[in-house]
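Peer 1: What follows is the file protein.cif, containing mmCIF, C-alpha atoms:
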```
data_start
loop_
_atom_site.label_atom_id
_atom_site.label_comp_id
_atom_site.auth_asym_id
_atom_site.auth_seq_id
_atom_site.Cartn_x
_atom_site.Cartn_y
_atom_site.Cartn_z
CA MET A 1 23.00 -43.87 -39.38
CA SER A 2 19.97 -41.75 -38.53
CA GLU A 3 19.83 -40.63 -34.92
CA ARG A 4 16.11 -41.28 -34.94
CA GLY A 5 14.57 -44.64 -35.52
CA PHE A 6 12.06 -47.30 -34.55
CA ALA A 7 14.03 -49.62 -32.28
CA SER A 8 12.33 -48.91 -28.97
CA ASP A 9 10.13 -46.40 -27.21
CA ASN A 10 12.96 -46.32 -24.66
CA TYR A 11 15.09 -44.50 -27.24
CA ALA A 12 12.95 -41.36 -26.99
CA GLY A 13 13.87 -38.55 -24.65
CA ALA A 14 11.74 -37.30 -21.79
CA LEU A 15 8.63 -35.16 -21.98
CA PRO A 16 9.53 -31.49 -21.50
CA GLU A 17 7.08 -31.14 -18.61
CA VAL A 18 8.71 -34.14 -16.91
CA VAL A 19 12.14 -32.53 -17.14
CA GLU A 20 10.64 -29.31 -15.78
CA ALA A 21 9.11 -31.25 -12.88
CA ILE A 22 12.49 -32.73 -11.97
CA ALA A 23 14.07 -29.28 -12.07
CA ALA A 24 11.30 -27.85 -9.90
CA ALA A 25 11.82 -30.63 -7.34
CA ASN A 26 15.52 -29.79 -7.19
CA ALA A 27 15.04 -27.05 -4.62
CA GLY A 28 16.44 -27.26 -1.14
CA HIS A 29 16.36 -30.35 1.04
CA ALA A 30 13.58 -32.91 1.36
CA PRO A 31 13.19 -36.09 3.41
CA ALA A 32 14.66 -39.18 1.78
CA TYR A 33 13.23 -42.58 0.83
CA GLY A 34 9.75 -41.34 -0.04
CA ASP A 35 8.86 -39.32 3.04
CA ASP A 36 8.51 -36.19 0.94
CA GLU A 37 5.65 -34.12 -0.42
CA TRP A 38 6.27 -35.10 -4.06
CA THR A 39 5.89 -38.80 -3.26
CA ALA A 40 2.73 -38.13 -1.28
CA ARG A 41 1.23 -36.24 -4.22
CA ALA A 42 2.28 -38.93 -6.70
CA GLU A 43 0.69 -41.62 -4.53
CA GLU A 44 -2.53 -39.60 -4.54
CA ARG A 45 -2.42 -39.41 -8.36
CA PHE A 46 -2.20 -43.21 -8.48
CA ARG A 47 -5.24 -43.48 -6.21
CA GLU A 48 -7.14 -41.10 -8.48
CA HIS A 49 -6.48 -43.35 -11.48
CA PHE A 50 -6.64 -46.81 -9.90
CA GLY A 51 -8.98 -46.42 -6.93
CA ARG A 52 -8.78 -45.47 -3.27
CA ASP A 53 -7.29 -48.84 -2.26
CA ALA A 54 -4.39 -48.53 -4.70
CA ARG A 55 -0.93 -48.37 -3.14
CA ALA A 56 1.97 -47.32 -5.33
CA PHE A 57 5.62 -48.17 -4.66
CA LEU A 58 7.99 -46.37 -6.99
CA ALA A 59 10.91 -48.25 -8.51
CA PHE A 60 13.81 -47.55 -10.85
CA ASN A 61 13.02 -49.86 -13.78
CA GLY A 62 10.55 -52.32 -15.23
CA THR A 63 12.43 -55.47 -14.36
CA GLY A 64 12.73 -54.31 -10.76
CA ALA A 65 9.05 -53.41 -10.61
CA ASN A 66 8.05 -56.81 -11.99
CA VAL A 67 10.25 -58.69 -9.56
CA VAL A 68 9.03 -56.69 -6.56
CA ALA A 69 5.39 -57.06 -7.60
CA LEU A 70 5.63 -60.80 -8.10
CA ARG A 71 7.59 -61.34 -4.89
CA ALA A 72 4.92 -59.38 -3.03
CA LEU A 73 2.19 -61.66 -4.43
CA ALA A 74 3.95 -65.01 -4.28
CA GLN A 75 4.68 -67.73 -1.78
CA PRO A 76 8.11 -69.40 -1.98
CA TRP A 77 6.49 -72.36 -3.75
CA SER A 78 4.50 -70.26 -6.21
CA ALA A 79 4.77 -70.37 -9.99
CA VAL A 80 3.88 -67.63 -12.46
CA ILE A 81 1.93 -68.48 -15.61
CA CYS A 82 2.87 -66.16 -18.47
CA PRO A 83 3.19 -66.13 -22.26
CA GLU A 84 6.40 -67.48 -23.77
CA THR A 85 6.98 -64.00 -25.21
CA ALA A 86 6.57 -62.25 -21.84
CA HIS A 87 9.22 -59.74 -20.87
CA LEU A 88 9.48 -61.74 -17.64
CA ASN A 89 10.60 -64.75 -19.61
CA VAL A 90 12.60 -63.29 -22.48
CA ASP A 91 14.17 -59.97 -21.52
CA GLU A 92 14.84 -59.91 -17.79
CA CYS A 93 18.02 -61.99 -17.70
CA GLY A 94 16.43 -64.54 -15.39
CA ALA A 95 15.68 -61.95 -12.68
CA PRO A 96 12.28 -63.42 -11.72
CA GLU A 97 13.99 -66.79 -11.21
CA ARG A 98 17.32 -65.61 -9.79
CA VAL A 99 16.17 -62.70 -7.66
CA GLY A 100 12.52 -63.57 -7.12
CA GLY A 101 12.97 -67.32 -6.78
CA LEU A 102 9.94 -67.83 -8.99
CA LYS A 103 9.31 -70.59 -11.50
CA LEU A 104 7.79 -69.37 -14.75
CA LEU A 105 5.25 -71.64 -16.44
CA THR A 106 5.24 -70.36 -20.00
CA VAL A 107 2.45 -70.71 -22.54
CA ALA A 108 2.77 -70.55 -26.32
CA THR A 109 0.47 -67.92 -27.83
CA PRO A 110 -0.15 -66.84 -31.42
CA ASP A 111 -0.36 -63.13 -30.60
CA GLY A 112 1.36 -62.63 -27.25
CA LYS A 113 -1.92 -62.84 -25.31
CA LEU A 114 -3.13 -65.40 -22.81
CA THR A 115 -6.69 -66.68 -22.84
CA PRO A 116 -8.49 -68.81 -20.25
CA GLU A 117 -8.27 -71.73 -22.68
CA LEU A 118 -4.50 -71.36 -22.97
CA VAL A 119 -4.06 -71.00 -19.21
CA GLU A 120 -6.26 -73.97 -18.28
CA PRO A 121 -3.67 -76.74 -18.94
CA ARG A 122 -1.31 -75.06 -16.46
CA LEU A 123 -3.89 -75.19 -13.67
CA VAL A 124 -2.96 -78.66 -12.43
CA ARG A 125 -1.44 -80.52 -9.46
CA PHE A 126 -2.94 -78.25 -6.84
CA GLY A 127 -2.14 -79.49 -3.35
CA GLU A 128 0.65 -81.85 -4.45
CA GLU A 129 3.72 -81.15 -2.35
CA HIS A 130 5.97 -82.47 -5.13
CA ALA A 131 4.82 -79.82 -7.60
CA VAL A 132 5.26 -76.09 -7.79
CA GLN A 133 1.91 -74.44 -7.17
CA PRO A 134 0.41 -72.05 -9.73
CA GLY A 135 -0.05 -68.80 -7.84
CA ILE A 136 -0.02 -65.92 -10.30
CA VAL A 137 -1.08 -65.28 -13.88
CA SER A 138 0.94 -62.47 -15.45
CA ILE A 139 0.03 -60.70 -18.66
CA SER A 140 1.66 -57.80 -20.51
CA GLN A 141 -0.58 -54.91 -21.51
CA ALA A 142 0.03 -54.09 -24.31
CA SER A 143 1.66 -57.43 -25.13
CA GLU A 144 5.20 -57.85 -26.37
CA LEU A 145 3.73 -58.38 -29.84
CA GLY A 146 1.88 -55.07 -29.74
CA THR A 147 -1.56 -56.58 -29.23
CA VAL A 148 -4.01 -55.28 -26.64
CA TYR A 149 -6.26 -57.14 -24.21
CA SER A 150 -9.82 -55.84 -24.15
CA VAL A 151 -11.48 -55.14 -20.82
CA ASP A 152 -13.53 -58.33 -21.18
CA GLU A 153 -10.42 -60.38 -21.95
CA VAL A 154 -8.69 -59.12 -18.81
CA ARG A 155 -11.77 -59.77 -16.72
CA ALA A 156 -12.06 -63.34 -18.04
CA LEU A 157 -8.47 -64.05 -17.00
CA ALA A 158 -9.04 -62.45 -13.60
CA ASP A 159 -12.19 -64.49 -13.02
CA GLN A 160 -10.40 -67.71 -13.96
CA ALA A 161 -7.41 -66.93 -11.77
CA HIS A 162 -9.55 -66.05 -8.76
CA ALA A 163 -11.73 -69.14 -9.19
CA HIS A 164 -8.57 -71.24 -8.72
CA GLY A 165 -7.11 -69.14 -5.91
CA LEU A 166 -4.56 -67.37 -8.14
CA LEU A 167 -3.82 -63.67 -8.53
CA LEU A 168 -3.61 -61.65 -11.76
CA HIS A 169 -0.60 -59.40 -12.35
CA VAL A 170 -0.24 -56.99 -15.24
CA ASP A 171 3.14 -55.99 -16.62
CA GLY A 172 1.97 -52.54 -17.63
CA ALA A 173 5.12 -51.18 -19.24
CA ARG A 174 2.80 -50.01 -22.03
CA LEU A 175 -0.47 -49.91 -20.10
CA ALA A 176 -0.89 -46.29 -21.17
CA ASN A 177 -0.72 -47.33 -24.83
CA ALA A 178 -3.33 -50.03 -24.28
CA ALA A 179 -5.73 -47.71 -22.46
CA ALA A 180 -5.25 -45.04 -25.12
CA ALA A 181 -5.90 -47.60 -27.87
CA LEU A 182 -9.18 -48.65 -26.25
CA ASP A 183 -10.04 -45.10 -25.13
CA VAL A 184 -10.71 -46.19 -21.55
CA PRO A 185 -9.41 -45.03 -18.16
CA LEU A 186 -6.43 -46.83 -16.65
CA ARG A 187 -8.59 -48.41 -13.95
CA ALA A 188 -10.96 -49.91 -16.53
CA LEU A 189 -8.17 -52.28 -17.65
CA THR A 190 -6.96 -52.99 -14.13
CA THR A 191 -8.91 -52.33 -10.93
CA ASP A 192 -12.35 -52.59 -12.49
CA ALA A 193 -11.41 -55.71 -14.47
CA GLY A 194 -10.25 -57.65 -11.41
CA VAL A 195 -6.48 -57.17 -11.67
CA ASP A 196 -4.73 -57.60 -8.32
CA ALA A 197 -1.43 -55.84 -8.96
CA LEU A 198 0.47 -54.21 -11.78
CA SER A 199 3.81 -52.80 -12.77
CA PHE A 200 3.05 -49.36 -14.20
CA GLY A 201 5.38 -48.10 -16.90
CA GLY A 202 6.67 -44.56 -16.91
CA THR A 203 9.88 -44.62 -18.93
CA LYS A 204 8.29 -45.71 -22.21
CA ASN A 205 5.71 -42.95 -21.87
CA GLY A 206 8.11 -40.07 -21.40
CA LEU A 207 9.77 -40.28 -17.98
CA VAL A 208 13.52 -40.01 -17.51
CA ILE A 209 13.49 -42.96 -15.13
CA GLY A 210 10.84 -44.61 -13.03
CA GLU A 211 8.23 -47.36 -12.87
CA ALA A 212 5.78 -48.25 -10.13
CA VAL A 213 4.42 -51.33 -8.41
CA VAL A 214 0.72 -50.73 -7.79
CA LEU A 215 -1.20 -53.04 -5.45
CA LEU A 216 -4.93 -52.82 -6.07
CA ARG A 217 -6.25 -54.77 -3.07
CA PRO A 218 -5.64 -53.79 0.56
CA ASP A 219 -5.00 -57.37 1.66
CA LEU A 220 -2.05 -57.93 -0.67
CA GLY A 221 1.64 -57.22 -0.45
CA GLU A 222 2.59 -57.80 3.16
CA GLY A 223 6.21 -56.76 3.56
CA ILE A 224 6.47 -55.08 0.16
CA ALA A 225 8.44 -52.18 1.61
CA TYR A 226 11.12 -54.64 2.70
CA LEU A 227 11.00 -56.46 -0.62
CA ARG A 228 11.50 -53.23 -2.54
CA LYS A 229 14.57 -52.38 -0.46
CA GLN A 230 15.91 -55.93 -0.67
CA SER A 231 15.43 -55.85 -4.44
CA MET A 232 17.52 -52.64 -4.64
CA GLN A 233 14.58 -50.59 -5.94
CA LEU A 234 14.22 -48.05 -3.11
CA ALA A 235 15.37 -44.61 -4.23
CA SER A 236 16.95 -42.40 -1.61
CA LYS A 237 16.06 -39.18 -3.46
CA MET A 238 12.57 -40.43 -4.20
CA ARG A 239 11.22 -36.97 -4.91
CA PHE A 240 12.81 -37.00 -8.36
CA LEU A 241 10.98 -40.20 -9.35
CA ALA A 242 7.76 -39.00 -7.76
CA ALA A 243 7.76 -35.57 -9.38
CA GLN A 244 7.72 -37.22 -12.79
CA PHE A 245 4.74 -39.44 -11.97
CA GLU A 246 2.91 -36.52 -10.42
CA VAL A 247 3.01 -34.58 -13.67
CA LEU A 248 2.46 -37.63 -15.93
CA LEU A 249 -0.66 -38.65 -14.00
CA GLN A 250 -2.22 -35.22 -13.76
CA GLY A 251 -5.54 -35.62 -15.53
CA ASP A 252 -5.05 -37.48 -18.80
CA ARG A 253 -1.54 -36.25 -19.60
CA TRP A 254 -0.36 -39.87 -19.63
CA ARG A 255 -2.76 -40.50 -22.52
CA HIS A 256 -1.42 -37.85 -24.89
CA GLY A 257 2.02 -39.34 -25.56
CA ALA A 258 0.67 -42.89 -25.66
CA ALA A 259 -2.09 -42.01 -28.12
CA HIS A 260 0.40 -40.21 -30.34
CA ALA A 261 2.75 -43.21 -30.37
CA ASN A 262 -0.17 -45.47 -31.27
CA ALA A 263 -1.22 -43.14 -34.08
CA MET A 264 2.31 -43.14 -35.51
CA ALA A 265 2.36 -46.96 -35.54
CA ALA A 266 -0.96 -47.03 -37.36
CA ARG A 267 0.39 -44.48 -39.84
CA LEU A 268 3.45 -46.65 -40.47
CA ALA A 269 1.36 -49.79 -40.97
CA ASP A 270 -0.91 -47.97 -43.40
CA ALA A 271 2.07 -46.55 -45.29
CA ILE A 272 3.59 -49.97 -46.00
CA ALA A 273 0.33 -51.85 -46.52
CA GLY A 274 0.33 -53.61 -49.84
CA THR A 275 4.06 -53.25 -50.39
CA PRO A 276 5.17 -56.35 -52.32
CA GLY A 277 7.42 -58.50 -50.17
CA VAL A 278 6.35 -56.93 -46.85
CA ARG A 279 3.98 -58.82 -44.57
CA VAL A 280 2.69 -57.35 -41.30
CA THR A 281 2.51 -60.27 -38.88
CA GLN A 282 0.48 -58.93 -35.94
CA ARG A 283 -2.51 -56.68 -35.51
CA VAL A 284 -1.32 -53.11 -35.02
CA GLU A 285 -3.21 -52.12 -31.88
CA ALA A 286 -0.73 -50.09 -29.82
CA ASN A 287 2.61 -48.55 -30.78
CA ALA A 288 4.34 -51.51 -32.43
CA VAL A 289 4.47 -52.86 -35.97
CA PHE A 290 5.80 -56.37 -36.62
CA ALA A 291 6.64 -57.37 -40.17
CA VAL A 292 8.59 -59.84 -42.28
CA LEU A 293 10.81 -58.39 -45.00
CA PRO A 294 12.59 -60.02 -47.93
CA PRO A 295 16.06 -61.43 -47.22
CA ARG A 296 18.74 -58.76 -46.74
CA ALA A 297 16.23 -55.89 -46.80
CA ALA A 298 16.29 -55.49 -43.01
CA GLU A 299 20.08 -55.43 -42.97
CA GLN A 300 20.15 -52.72 -45.62
CA LEU A 301 17.57 -50.63 -43.77
CA GLN A 302 19.45 -50.97 -40.49
CA ARG A 303 22.38 -49.11 -42.02
CA ARG A 304 20.17 -46.02 -41.99
CA TRP A 305 17.52 -46.66 -39.33
CA ARG A 306 17.54 -48.15 -35.85
CA PHE A 307 15.24 -51.14 -35.28
CA TYR A 308 15.48 -54.72 -34.06
CA VAL A 309 15.16 -58.05 -35.79
CA TRP A 310 12.62 -59.82 -33.58
CA ASP A 311 13.01 -63.37 -34.92
CA ASP A 312 16.20 -64.31 -36.74
CA SER A 313 14.69 -67.56 -37.98
CA THR A 314 11.85 -65.87 -39.88
CA GLY A 315 13.29 -62.42 -40.52
CA GLU A 316 10.50 -60.80 -38.53
CA VAL A 317 11.32 -57.26 -37.40
CA ARG A 318 9.82 -54.93 -34.82
CA TRP A 319 9.25 -51.22 -35.36
CA MET A 320 8.32 -49.19 -32.28
CA CYS A 321 6.90 -45.68 -32.20
CA SER A 322 7.20 -43.32 -29.26
CA TRP A 323 5.68 -40.15 -27.87
CA ASP A 324 8.07 -38.05 -29.98
CA THR A 325 7.90 -39.98 -33.27
CA THR A 326 6.91 -37.49 -35.97
CA PRO A 327 4.85 -37.99 -39.12
CA GLU A 328 7.99 -37.03 -41.04
CA ASP A 329 9.90 -39.86 -39.31
CA VAL A 330 7.21 -42.33 -40.30
CA ASP A 331 6.82 -41.15 -43.86
CA GLY A 332 10.58 -41.09 -44.48
CA PHE A 333 11.03 -44.55 -43.01
CA ALA A 334 8.09 -45.99 -44.97
CA ALA A 335 9.45 -44.55 -48.21
CA ASP A 336 12.84 -46.09 -47.49
CA ILE A 337 11.21 -49.47 -46.71
CA ARG A 338 9.39 -49.42 -50.04
CA SER A 339 12.46 -48.47 -52.07
CA THR A 340 14.74 -50.93 -50.27
CA VAL A 341 12.32 -53.81 -50.67
CA ALA A 342 11.84 -52.97 -54.34
CA SER A 343 15.59 -53.01 -54.94
CA ALA A 344 15.94 -56.30 -53.07
CA ALA A 345 13.25 -58.01 -55.15
#
```
Take the structure from the file and write it as structure tokens.

Peer 2:
Amino acid sequence: MSERGFASDNYAGALPEVVEAIAAANAGHAPAYGDDEWTARAEERFREHFGRDARAFLAFNGTGANVVALRALAQPWSAVICPETAHLNVDECGAPERVGGLKLLTVATPDGKLTPELVEPRLVRFGEEHAVQPGIVSISQASELGTVYSVDEVRALADQAHAHGLLLHVDGARLANAAAALDVPLRALTTDAGVDALSFGGTKNGLVIGEAVVLLRPDLGEGIAYLRKQSMQLASKMRFLAAQFEVLLQGDRWRHGAAHANAMAARLADAIAGTPGVRVTQRVEANAVFAVLPPRAAEQLQRRWRFYVWDDSTGEVRWMCSWDTTPEDVDGFAADIRSTVASAA
């Protein structure tokens, strides 16, 4: 089997400059638990990108960041409205429920994205002590189906949430990909669009390890420092997480890897367009391509390439591109898709 593939942007290694930043931070002693100069500089980088009120709390992984963020926003009786396909609902092993104590109110969507019209039916039973109270709307940007919310779409959800006393959270594991796709700053899709808090992804964009909870309003997140520790997301040697974010968020460095991954996904979609028996199922807007293949074609391809079957019932597969996907990777994979599908016909 090929060592390279299209299973996940988590399969890629780390950006060389990120590895260099870790090595540079590995000099002498430094205060633990975030009281170090690297963390201070990383926090300043977050403020540069998300606004002066932004407060960043570094975490180990995306599930941890999501749980900490939602716990910081929620009351014990709060519910979180999210798409059925949300990472919160599908791929976090029940952590929001088990660890966060949060009820998820899921919504079926055709493309992984919420709209005010889809959210509206969940905005009911306010003030009834017998019912869980909607408290947070959570969206993934980019979505789990590779689609991207426009600035106006995010703002519409924020306006709706705030009108009903709810908060808007963004699972931004691929926020960099979404901002690169729209060619806008990170704050345009978050702070300026009315988002209250987000989980900012680092690992999928070239870090070794590290995500961040970013609170965008000064009146939110009372006790978040305790919640992060209680959720087992407080790093003792924080400087090694922080050094990575410091270099990733210098200027627009975060954009380079994300834009490249997006371009490789577009290249792959173009390369298989019109192939008999292959149907792309979602708009290719970030770094993912979803497609349905003829029976047995996916299994044959998986003997040589790494990727996931997304939906066993339909045969839909997911192909992810990363910061280090090469044009040669894409072209070789596309050629193999075409030949395999032709032989399976």

Peer 1: Determine the residue membership of the PyMOL selection byres ((chain A and resi 4-10) around 6) for the file above and supply it as a PyMOL selection string.

Peer 2: chain A and resi 2-3+11-12+204+305-308+319-322

Peer 1: On this structure, the PyMOL selection byres ((chain A and resi 224) around 9) would catch which residues? List them as a PyMOL selection string, sorted by chain and number.

Peer 2: chain A and resi 57+68-69+71-72+221-223+225-229

Peer 1: Specify as an MDAnalysis selection string each residue included when the PyMOL selection byres ((chain A and resi 340) around 10) is applied to this file.

Peer 2: chainID A and resid 293:294 296:298 300:301 334:339 341:345

Peer 1: Take atom CA of A:Phe126 and atom CA of A:Gly64 and report the distance between them in Å, one decimal.

Peer 2: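 Taking atom CA of A:Phe126 and atom CA of A:Gly64, their separation equals 28.9 Å.
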
Peer 1: Could you check how far atom CA of A:Ala180 sits from atom CA of A:Phe200, in Å to one decimal?

Peer 2: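 Atom CA of A:Ala180 sits 14.4 Å away from atom CA of A:Phe200.
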
Peer 1: In Å, how far is it from atom CA of A:Gly112 to atom CA of A:Ser143?

Peer 2: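 So the answer is 5.6 Å.
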
Peer 1: If the box runs along x, y and z of the file and leaves 6 Å on each side of stretch 246-250 of chain A, what are its centre and edge lengths in Å, one decimal, as AutoDock Vina command-line options?

Peer 2:
```
--center_x 0.4 --center_y -36.6 --center_z -13.2 --size_x 17.2 --size_y 16.1 --size_z 17.5
```

Peer 1: Fewer than 5 positions away in the same chain doesn't count, so skip those; otherwise give me all residues within 8 Å of A:Glu211, counting only C-alpha atoms, as an MDAnalysis selection string.

Peer 2: chainID A and resid 58:62 65 199:203

Peer 1: Which residue gives the smallest distance to A:Ala176 among A:Gly210, A:Arg125, A:Trp77, A:Asn287, with all atoms listed in the file counted?

Peer 2: A:Asn287

Peer 1: May I have the residues at most 12 Å from (-4.3, -37.5, -24.3) in the file's coordinates, counting all atoms listed in the file, as a PyMOL selection string?

Peer 2: chain A and resi 176-177+179-181+183-185+205+248-263+323

Peer 1: Using only C-alpha atoms, which residues sit within 12 Å of A:Leu216 once same-chain residues fewer than 6 positions away are excluded, as a PDB file with C-alpha atoms, in the frame of the given file?

Peer 2:
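Below is the file that was written, result-v8.pdb:
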```pdb
ATOM      1  CA  PHE A  46      -2.200 -43.210  -8.480  1.00  0.00           C
ATOM      2  CA  ARG A  47      -5.240 -43.480  -6.210  1.00  0.00           C
ATOM      3  CA  HIS A  49      -6.480 -43.350 -11.480  1.00  0.00           C
ATOM      4  CA  PHE A  50      -6.640 -46.810  -9.900  1.00  0.00           C
ATOM      5  CA  GLY A  51      -8.980 -46.420  -6.930  1.00  0.00           C
ATOM      6  CA  ARG A  52      -8.780 -45.470  -3.270  1.00  0.00           C
ATOM      7  CA  ASP A  53      -7.290 -48.840  -2.260  1.00  0.00           C
ATOM      8  CA  ALA A  54      -4.390 -48.530  -4.700  1.00  0.00           C
ATOM      9  CA  ARG A  55      -0.930 -48.370  -3.140  1.00  0.00           C
ATOM     10  CA  ALA A  56       1.970 -47.320  -5.330  1.00  0.00           C
ATOM     11  CA  PHE A  57       5.620 -48.170  -4.660  1.00  0.00           C
ATOM     12  CA  ALA A  69       5.390 -57.060  -7.600  1.00  0.00           C
ATOM     13  CA  LEU A  73       2.190 -61.660  -4.430  1.00  0.00           C
ATOM     14  CA  LEU A 167      -3.820 -63.670  -8.530  1.00  0.00           C
ATOM     15  CA  LEU A 168      -3.610 -61.650 -11.760  1.00  0.00           C
ATOM     16  CA  HIS A 169      -0.600 -59.400 -12.350  1.00  0.00           C
ATOM     17  CA  VAL A 170      -0.240 -56.990 -15.240  1.00  0.00           C
ATOM     18  CA  ARG A 187      -8.590 -48.410 -13.950  1.00  0.00           C
ATOM     19  CA  THR A 190      -6.960 -52.990 -14.130  1.00  0.00           C
ATOM     20  CA  THR A 191      -8.910 -52.330 -10.930  1.00  0.00           C
ATOM     21  CA  ASP A 192     -12.350 -52.590 -12.490  1.00  0.00           C
ATOM     22  CA  ALA A 193     -11.410 -55.710 -14.470  1.00  0.00           C
ATOM     23  CA  GLY A 194     -10.250 -57.650 -11.410  1.00  0.00           C
ATOM     24  CA  VAL A 195      -6.480 -57.170 -11.670  1.00  0.00           C
ATOM     25  CA  ASP A 196      -4.730 -57.600  -8.320  1.00  0.00           C
ATOM     26  CA  ALA A 197      -1.430 -55.840  -8.960  1.00  0.00           C
ATOM     27  CA  LEU A 198       0.470 -54.210 -11.780  1.00  0.00           C
ATOM     28  CA  SER A 199       3.810 -52.800 -12.770  1.00  0.00           C
ATOM     29  CA  PHE A 200       3.050 -49.360 -14.200  1.00  0.00           C
TER      30      PHE A 200
END
```

Peer 1: Could you check the closest approach to A:Glu43 for each of A:Ser236, A:Gln302, A:Gln244, A:Thr85 and tell me which residue wins, using all atoms listed in the file?

Peer 2: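 The closest residue to A:Glu43 is A:Gln244.
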